[in-house]
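The file structure.cif contains mmCIF, C-alpha atoms:
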data_my_file
loop_
_atom_site.label_atom_id
_atom_site.label_comp_id
_atom_site.auth_asym_id
_atom_site.auth_seq_id
_atom_site.Cartn_x
_atom_site.Cartn_y
_atom_site.Cartn_z
CA MET A 1 0.80 -9.17 34.34
CA ALA A 2 0.88 -5.67 35.80
CA ARG A 3 4.64 -5.61 35.28
CA TYR A 4 4.20 -6.58 31.60
CA ARG A 5 1.86 -3.62 31.11
CA ALA A 6 3.94 -1.13 33.09
CA GLU A 7 7.18 -2.03 31.33
CA SER A 8 5.41 -1.99 27.95
CA GLU A 9 3.97 1.47 28.56
CA ALA A 10 7.38 2.77 29.63
CA ALA A 11 9.11 1.16 26.64
CA VAL A 12 6.88 2.77 24.00
CA ASP A 13 6.47 6.18 25.66
CA GLY A 14 7.69 8.64 23.04
CA LEU A 15 8.88 5.88 20.71
CA PRO A 16 8.22 6.45 16.98
CA GLY A 17 5.71 4.01 15.55
CA HIS A 18 2.30 3.23 14.11
CA PRO A 19 -0.09 1.85 16.76
CA GLY A 20 -3.52 0.36 16.15
CA ILE A 21 -3.25 -0.79 12.53
CA VAL A 22 -5.85 -3.29 11.33
CA TYR A 23 -3.83 -6.15 9.88
CA ASP A 24 -6.65 -8.64 9.26
CA GLU A 25 -9.89 -7.44 7.73
CA PRO A 26 -12.02 -10.56 8.51
CA SER A 27 -11.38 -10.34 12.26
CA GLY A 28 -10.63 -6.62 12.54
CA GLU A 29 -7.65 -7.41 14.75
CA ARG A 30 -4.93 -4.78 15.12
CA LEU A 31 -1.21 -4.55 15.66
CA ASP A 32 1.25 -1.93 16.87
CA VAL A 33 4.51 -1.06 15.14
CA TRP A 34 7.15 0.46 17.45
CA GLY A 35 10.71 1.61 17.02
CA ILE A 36 10.91 2.63 13.39
CA GLY A 37 13.77 4.93 12.41
CA ASP A 38 14.92 7.41 9.81
CA ASP A 39 17.84 5.16 8.86
CA GLY A 40 15.93 3.06 6.32
CA LEU A 41 13.91 -0.11 6.68
CA ARG A 42 14.44 -1.93 9.96
CA PRO A 43 14.25 -5.65 10.69
CA ALA A 44 10.93 -6.53 12.34
CA PHE A 45 10.60 -8.56 15.52
CA VAL A 46 7.01 -9.83 15.62
CA PHE A 47 6.12 -10.70 19.22
CA LEU A 48 3.14 -13.00 19.92
CA HIS A 49 1.84 -12.73 23.48
CA GLY A 50 1.00 -15.64 25.73
CA GLY A 51 -1.89 -16.21 28.13
CA TYR A 52 -2.97 -19.77 27.20
CA TRP A 53 -4.65 -18.28 24.08
CA MET A 54 -7.34 -16.76 26.33
CA ALA A 55 -5.72 -13.76 28.05
CA LEU A 56 -3.42 -10.74 27.59
CA SER A 57 -3.10 -8.42 24.61
CA ARG A 58 -0.68 -6.25 22.71
CA ALA A 59 -0.97 -3.65 25.51
CA GLU A 60 1.15 -5.90 27.78
CA SER A 61 3.54 -7.06 25.10
CA SER A 62 5.89 -4.32 23.89
CA PHE A 63 8.32 -4.26 26.83
CA MET A 64 11.24 -5.06 24.50
CA ALA A 65 10.49 -2.26 22.01
CA ARG A 66 12.85 0.44 23.33
CA ALA A 67 15.84 -1.86 23.83
CA LEU A 68 15.40 -3.22 20.30
CA TYR A 69 14.87 0.28 18.87
CA GLU A 70 18.24 1.31 20.26
CA GLN A 71 19.77 -1.59 18.31
CA GLY A 72 18.06 -0.63 15.05
CA ILE A 73 15.24 -3.19 15.28
CA ALA A 74 11.50 -2.47 15.11
CA THR A 75 8.90 -4.34 17.16
CA VAL A 76 5.50 -5.49 15.85
CA VAL A 77 2.93 -6.61 18.42
CA PRO A 78 -0.35 -8.08 17.13
CA ASP A 79 -3.52 -8.80 19.01
CA TYR A 80 -5.45 -11.95 18.20
CA THR A 81 -9.00 -12.91 19.10
CA LEU A 82 -8.93 -14.80 22.38
CA ALA A 83 -10.48 -18.20 23.11
CA PRO A 84 -13.24 -19.20 23.47
CA LYS A 85 -14.48 -16.45 21.14
CA ALA A 86 -12.08 -17.77 18.49
CA THR A 87 -10.99 -21.34 17.81
CA LEU A 88 -7.31 -22.13 18.00
CA GLU A 89 -7.31 -22.68 14.24
CA GLU A 90 -8.58 -19.11 13.82
CA ILE A 91 -6.00 -17.74 16.26
CA VAL A 92 -3.25 -19.44 14.25
CA ARG A 93 -4.68 -18.00 11.04
CA GLN A 94 -4.65 -14.52 12.53
CA VAL A 95 -1.03 -14.59 13.69
CA ARG A 96 0.00 -15.90 10.28
CA ALA A 97 -1.99 -13.04 8.77
CA SER A 98 0.03 -10.62 10.92
CA VAL A 99 3.24 -12.00 9.41
CA ALA A 100 1.67 -11.66 5.95
CA TRP A 101 0.82 -8.02 6.73
CA VAL A 102 4.45 -7.26 7.65
CA HIS A 103 5.63 -8.88 4.43
CA ARG A 104 3.12 -7.01 2.25
CA HIS A 105 2.87 -3.65 4.00
CA GLY A 106 6.01 -3.40 6.09
CA ARG A 107 7.84 -1.06 3.73
CA GLU A 108 5.09 1.54 4.14
CA HIS A 109 5.71 1.49 7.90
CA GLY A 110 9.50 1.39 8.07
CA LEU A 111 9.83 -2.42 8.23
CA ASP A 112 12.03 -4.66 6.11
CA PRO A 113 9.84 -7.50 4.77
CA GLU A 114 12.96 -9.55 4.08
CA ARG A 115 14.03 -9.54 7.74
CA ILE A 116 11.09 -10.84 9.78
CA VAL A 117 11.85 -12.56 13.09
CA VAL A 118 8.98 -14.06 15.11
CA GLY A 119 9.00 -14.71 18.84
CA GLY A 120 6.55 -15.31 21.65
CA SER A 121 6.11 -16.66 25.15
CA SER A 122 4.09 -19.65 26.40
CA ALA A 123 1.01 -19.81 24.14
CA GLY A 124 2.85 -17.21 22.06
CA GLY A 125 5.71 -19.70 21.83
CA HIS A 126 3.27 -22.22 20.38
CA LEU A 127 2.03 -19.61 17.91
CA THR A 128 5.62 -18.79 17.00
CA GLY A 129 6.12 -22.45 16.19
CA MET A 130 3.05 -22.36 13.98
CA THR A 131 4.72 -19.63 11.89
CA MET A 132 8.02 -21.55 11.73
CA VAL A 133 6.60 -24.72 10.18
CA GLY A 134 5.88 -25.24 6.51
CA GLY A 135 2.65 -25.82 4.63
CA TRP A 136 0.84 -22.52 5.27
CA GLN A 137 2.77 -19.84 3.41
CA GLU A 138 1.37 -20.57 -0.06
CA GLU A 139 -2.20 -20.02 1.15
CA PHE A 140 -1.20 -16.47 2.13
CA GLY A 141 0.79 -15.87 -1.05
CA LEU A 142 4.05 -15.74 0.90
CA PRO A 143 7.49 -17.18 0.19
CA ALA A 144 8.36 -20.32 2.13
CA ASP A 145 11.12 -18.43 3.96
CA VAL A 146 9.00 -15.42 5.00
CA VAL A 147 9.96 -16.04 8.65
CA LYS A 148 13.71 -15.64 8.58
CA ALA A 149 14.37 -16.53 12.23
CA ALA A 150 12.42 -17.34 15.39
CA MET A 151 12.70 -17.30 19.18
CA PRO A 152 9.94 -19.06 21.13
CA PHE A 153 10.04 -18.79 24.93
CA SER A 154 8.63 -21.55 27.15
CA GLY A 155 6.48 -22.68 24.26
CA LEU A 156 4.03 -25.52 23.77
CA PHE A 157 5.01 -27.50 20.71
CA ASP A 158 2.94 -30.67 21.16
CA ILE A 159 -0.38 -29.47 22.50
CA ARG A 160 -2.15 -32.83 22.77
CA PRO A 161 -1.80 -32.72 26.60
CA ILE A 162 -3.98 -29.58 26.57
CA THR A 163 -6.96 -31.83 25.89
CA ARG A 164 -6.59 -33.19 29.45
CA ILE A 165 -6.40 -29.95 31.47
CA TYR A 166 -8.67 -27.05 32.37
CA VAL A 167 -7.50 -24.91 29.44
CA ASN A 168 -9.49 -27.17 27.14
CA GLU A 169 -12.69 -25.69 28.56
CA TYR A 170 -11.72 -22.61 26.52
CA VAL A 171 -9.92 -23.99 23.45
CA LYS A 172 -12.17 -27.08 23.13
CA LEU A 173 -9.71 -29.35 21.31
CA ASP A 174 -9.84 -33.05 20.62
CA VAL A 175 -6.64 -35.05 20.19
CA GLU A 176 -6.82 -35.04 16.39
CA ARG A 177 -7.18 -31.24 16.16
CA ALA A 178 -4.49 -30.75 18.82
CA ALA A 179 -2.08 -32.88 16.78
CA ALA A 180 -2.83 -30.81 13.66
CA LEU A 181 -1.99 -27.68 15.64
CA SER A 182 1.27 -28.96 17.15
CA PRO A 183 4.47 -27.53 15.62
CA ALA A 184 6.47 -30.55 16.78
CA LEU A 185 4.28 -32.79 14.60
CA LEU A 186 4.12 -30.62 11.47
CA PRO A 187 6.32 -30.36 8.33
CA ARG A 188 9.67 -28.68 8.86
CA GLU A 189 11.48 -29.20 5.56
CA ARG A 190 12.87 -25.67 5.77
CA ARG A 191 14.24 -24.79 9.18
CA CYS A 192 14.93 -21.13 9.82
CA PRO A 193 17.57 -20.14 12.38
CA ALA A 194 16.00 -20.31 15.83
CA VAL A 195 16.71 -20.09 19.54
CA VAL A 196 14.33 -22.20 21.65
CA ALA A 197 14.42 -20.65 25.13
CA VAL A 198 12.93 -21.83 28.42
CA ALA A 199 13.23 -20.72 32.04
CA GLU A 200 15.27 -22.76 34.50
CA HIS A 201 12.39 -22.64 37.02
CA ASP A 202 9.60 -23.22 34.53
CA GLY A 203 7.09 -26.01 34.89
CA THR A 204 8.45 -29.47 34.10
CA GLY A 205 6.17 -29.84 31.08
CA PHE A 206 7.30 -26.56 29.53
CA VAL A 207 10.98 -27.41 30.03
CA GLU A 208 10.51 -30.84 28.50
CA GLN A 209 8.60 -29.45 25.50
CA SER A 210 11.41 -27.00 24.72
CA ARG A 211 14.11 -29.63 25.22
CA ARG A 212 12.33 -31.93 22.77
CA PHE A 213 11.51 -29.26 20.18
CA ALA A 214 14.97 -27.69 19.91
CA PRO A 215 16.71 -30.75 18.43
CA LEU A 216 13.72 -31.50 16.20
CA TRP A 217 14.23 -28.04 14.74
CA GLY A 218 17.94 -28.65 14.35
CA THR A 219 19.04 -25.94 16.78
CA GLY A 220 20.82 -28.21 19.23
CA GLU A 221 19.82 -27.95 22.87
CA ALA A 222 17.25 -25.53 24.23
CA MET A 223 18.56 -22.33 25.82
CA VAL A 224 17.78 -22.70 29.54
CA VAL A 225 17.73 -19.24 31.14
CA PRO A 226 18.97 -19.41 34.75
CA ASP A 227 17.10 -17.91 37.70
CA ARG A 228 13.93 -17.26 35.68
CA ASP A 229 10.43 -18.72 35.80
CA HIS A 230 7.62 -19.07 33.27
CA PHE A 231 6.40 -15.52 33.74
CA ASP A 232 9.53 -13.41 34.03
CA VAL A 233 11.86 -15.11 31.52
CA VAL A 234 10.47 -13.23 28.53
CA LEU A 235 11.02 -9.87 30.25
CA ASP A 236 14.73 -10.41 29.58
CA LEU A 237 13.99 -9.29 26.03
CA GLY A 238 13.80 -5.79 27.44
CA ASP A 239 17.22 -6.05 29.11
CA PRO A 240 20.17 -5.47 26.76
CA ALA A 241 22.50 -7.10 29.31
CA SER A 242 20.62 -10.41 29.33
CA ALA A 243 21.53 -13.58 27.47
CA PRO A 244 18.11 -13.85 25.75
CA PHE A 245 18.42 -10.29 24.41
CA GLU A 246 21.90 -11.06 23.08
CA ALA A 247 20.57 -14.25 21.49
CA LEU A 248 17.77 -12.37 19.75
CA LEU A 249 20.22 -9.71 18.61
CA GLY A 250 22.41 -12.44 17.17
CA LEU A 251 19.51 -13.89 15.21
CA VAL A 252 18.60 -10.53 13.72
CA ARG A 253 22.16 -9.59 12.84
CA SER A 254 22.68 -12.91 11.09
CA LEU A 255 20.00 -12.07 8.50
#

Written as structure tokens, how would this file's structure read?
Amino acid sequence: MARYRAESEAAVDGLPGHPGIVYDEPSGERLDVWGIGDDGLRPAFVFLHGGYWMALSRAESSFMARALYEQGIATVVPDYTLAPKATLEEIVRQVRASVAWVHRHGREHGLDPERIVVGGSSAGGHLTGMTMVGGWQEEFGLPADVVKAAMPFSGLFDIRPITRIYVNEYVKLDVERAAALSPALLPRERRCPAVVAVAEHDGTGFVEQSRRFAPLWGTGEAMVVPDRDHFDVVLDLGDPASAPFEALLGLVRSL
């Protein structure tokens, strides 16, 4: 966690951007925009942090911003209210609201609302999945294809098992609510381009979830990143020489 923060601070030091913008009036939650340029509107990579929905923040989550900036891509990092203060339904609403903010207000901040890519790690991978599925965009007044591409890392796509482990002391789900919040079980009529990534040395459950979700989404097999575990795999997004960075770059350039 200390490495996340240190690499994030180094990545945004001196980087052009707009930190601390309130994107959701009901909750007051904020986001940071990093890596805008003077070359016109830039595609936006919206990164949703992990922490089992109950830890971390945007302060630890911009470690990819400089590497993406150098490739002409801006980074948007939202906070969301952590459990148990917020229900998981509310957390999902907030991250969807952050996507809506980019679509509505991105132009004012150097972002291209027609090139939004969402990614996240662990719980952030789950939240990424909840922006990929259908059935929510109309409520926010958004086009069905507002999320043009996605890259979840070590995500949770069927969260019913959460009801049986200690995390449920914080998120307080029953099986019915967990099913309604599981991207693997929700409508996916429109499938945006996606890379479903997971670490080679991740927990068995995380690997299996990614391997099951990738073909459901129509992306073929999950991208298994060698010599990485659950915590360090996402840091590859800050390394231009890594396979995950190249995969993300490919998604953005395909838009």

Separating atom CA of A:Ala184 from atom CA of A:Asp158, to the nearest tenth of an Å, is a gap of 5.6 Å

Go through A:Thr204, A:Thr219, A:Gln137, A:Asn168 and flag the residue nearest A:Leu88, using all atoms listed in the file for the distances.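 Looking only at the distances to A:Leu88, the closest residue turns out to be A:Asn168.
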
Just so the selection is clear, what residues does the PyMOL selection byres ((chain A and resi 44-53) around 9) cover here, as an MDAnalysis selection string? chainID A and resid 33 42:43 54:58 60:62 68 73:84 88 91 95 98:99 102 106 111:113 115:128 150 167 170:171 252

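The residue that comes closest to A:Ile36, out of A:Gly205, A:Gly218, A:Gly250, A:Gly14 and on the basis of all atoms listed in the file, is A:Gly14.
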
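Atom CA of A:Ala97 lies 10.8 Å from atom CA of A:Val22.
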
Residue nearest A:Leu186 - candidates A:His201, A:Glu169, A:Glu221, A:Gly135, atoms counted: all atoms listed in the file: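 Under the stated criterion, the closest residue is A:Gly135.
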
For atom CA of A:Gly72 and atom CA of A:Leu255, the interatomic separation in Å (one decimal):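 Separation of atom CA of A:Gly72 and atom CA of A:Leu255: 13.3 Å.
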
Expand the PyMOL selection byres ((chain A and resi 173) around 12) into the explicit residue set it covers here, and present it as a PDB file with C-alpha atoms, keeping the file's coordinate frame.
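Saved result, selection.pdb, follows:
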ATOM      1  CA  ALA A  83     -10.480 -18.200  23.110  1.00  0.00           C
ATOM      2  CA  PRO A  84     -13.240 -19.200  23.470  1.00  0.00           C
ATOM      3  CA  THR A  87     -10.990 -21.340  17.810  1.00  0.00           C
ATOM      4  CA  LEU A  88      -7.310 -22.130  18.000  1.00  0.00           C
ATOM      5  CA  GLU A  89      -7.310 -22.680  14.240  1.00  0.00           C
ATOM      6  CA  ILE A 159      -0.380 -29.470  22.500  1.00  0.00           C
ATOM      7  CA  ARG A 160      -2.150 -32.830  22.770  1.00  0.00           C
ATOM      8  CA  PRO A 161      -1.800 -32.720  26.600  1.00  0.00           C
ATOM      9  CA  ILE A 162      -3.980 -29.580  26.570  1.00  0.00           C
ATOM     10  CA  THR A 163      -6.960 -31.830  25.890  1.00  0.00           C
ATOM     11  CA  ARG A 164      -6.590 -33.190  29.450  1.00  0.00           C
ATOM     12  CA  ILE A 165      -6.400 -29.950  31.470  1.00  0.00           C
ATOM     13  CA  TYR A 166      -8.670 -27.050  32.370  1.00  0.00           C
ATOM     14  CA  VAL A 167      -7.500 -24.910  29.440  1.00  0.00           C
ATOM     15  CA  ASN A 168      -9.490 -27.170  27.140  1.00  0.00           C
ATOM     16  CA  GLU A 169     -12.690 -25.690  28.560  1.00  0.00           C
ATOM     17  CA  TYR A 170     -11.720 -22.610  26.520  1.00  0.00           C
ATOM     18  CA  VAL A 171      -9.920 -23.990  23.450  1.00  0.00           C
ATOM     19  CA  LYS A 172     -12.170 -27.080  23.130  1.00  0.00           C
ATOM     20  CA  ASP A 174      -9.840 -33.050  20.620  1.00  0.00           C
ATOM     21  CA  VAL A 175      -6.640 -35.050  20.190  1.00  0.00           C
ATOM     22  CA  GLU A 176      -6.820 -35.040  16.390  1.00  0.00           C
ATOM     23  CA  ARG A 177      -7.180 -31.240  16.160  1.00  0.00           C
ATOM     24  CA  ALA A 178      -4.490 -30.750  18.820  1.00  0.00           C
ATOM     25  CA  ALA A 179      -2.080 -32.880  16.780  1.00  0.00           C
ATOM     26  CA  ALA A 180      -2.830 -30.810  13.660  1.00  0.00           C
ATOM     27  CA  LEU A 181      -1.990 -27.680  15.640  1.00  0.00           C
ATOM     28  CA  SER A 182       1.270 -28.960  17.150  1.00  0.00           C
TER      29      SER A 182
END

Please report as a tab-separated table every residue of stretch 87-206 of chain A lying within 9 Å of stretch 240-247 of chain A, along with the nearest atom pair and their distance in Å (one decimal), using all atoms listed in the file.
residue	atom	partner	partner_atom	distance
A:Met151	CA	A:Ala247	CA	8.8
A:Val195	CA	A:Ala247	CA	7.3
A:Ala197	CA	A:Pro244	CA	7.8

Counting all atoms listed in the file, the option among A:Arg30, A:Lys85, A:His105, A:Arg211 closest to A:Met223: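 Among A:Arg30, A:Lys85, A:His105, A:Arg211, it is A:Arg211 that comes nearest to A:Met223.
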
Selection result for the PyMOL selection byres ((chain A and resi 199) around 6) on this file, as a PyMOL selection string: chain A and resi 198+200-202+224-225+228-230+233

Please determine, counting only C-alpha atoms, which residue among A:Leu251, A:Met1, A:Ala100, A:Cys192 has the shortest atom-to-atom distance to A:Asp145. A:Cys192
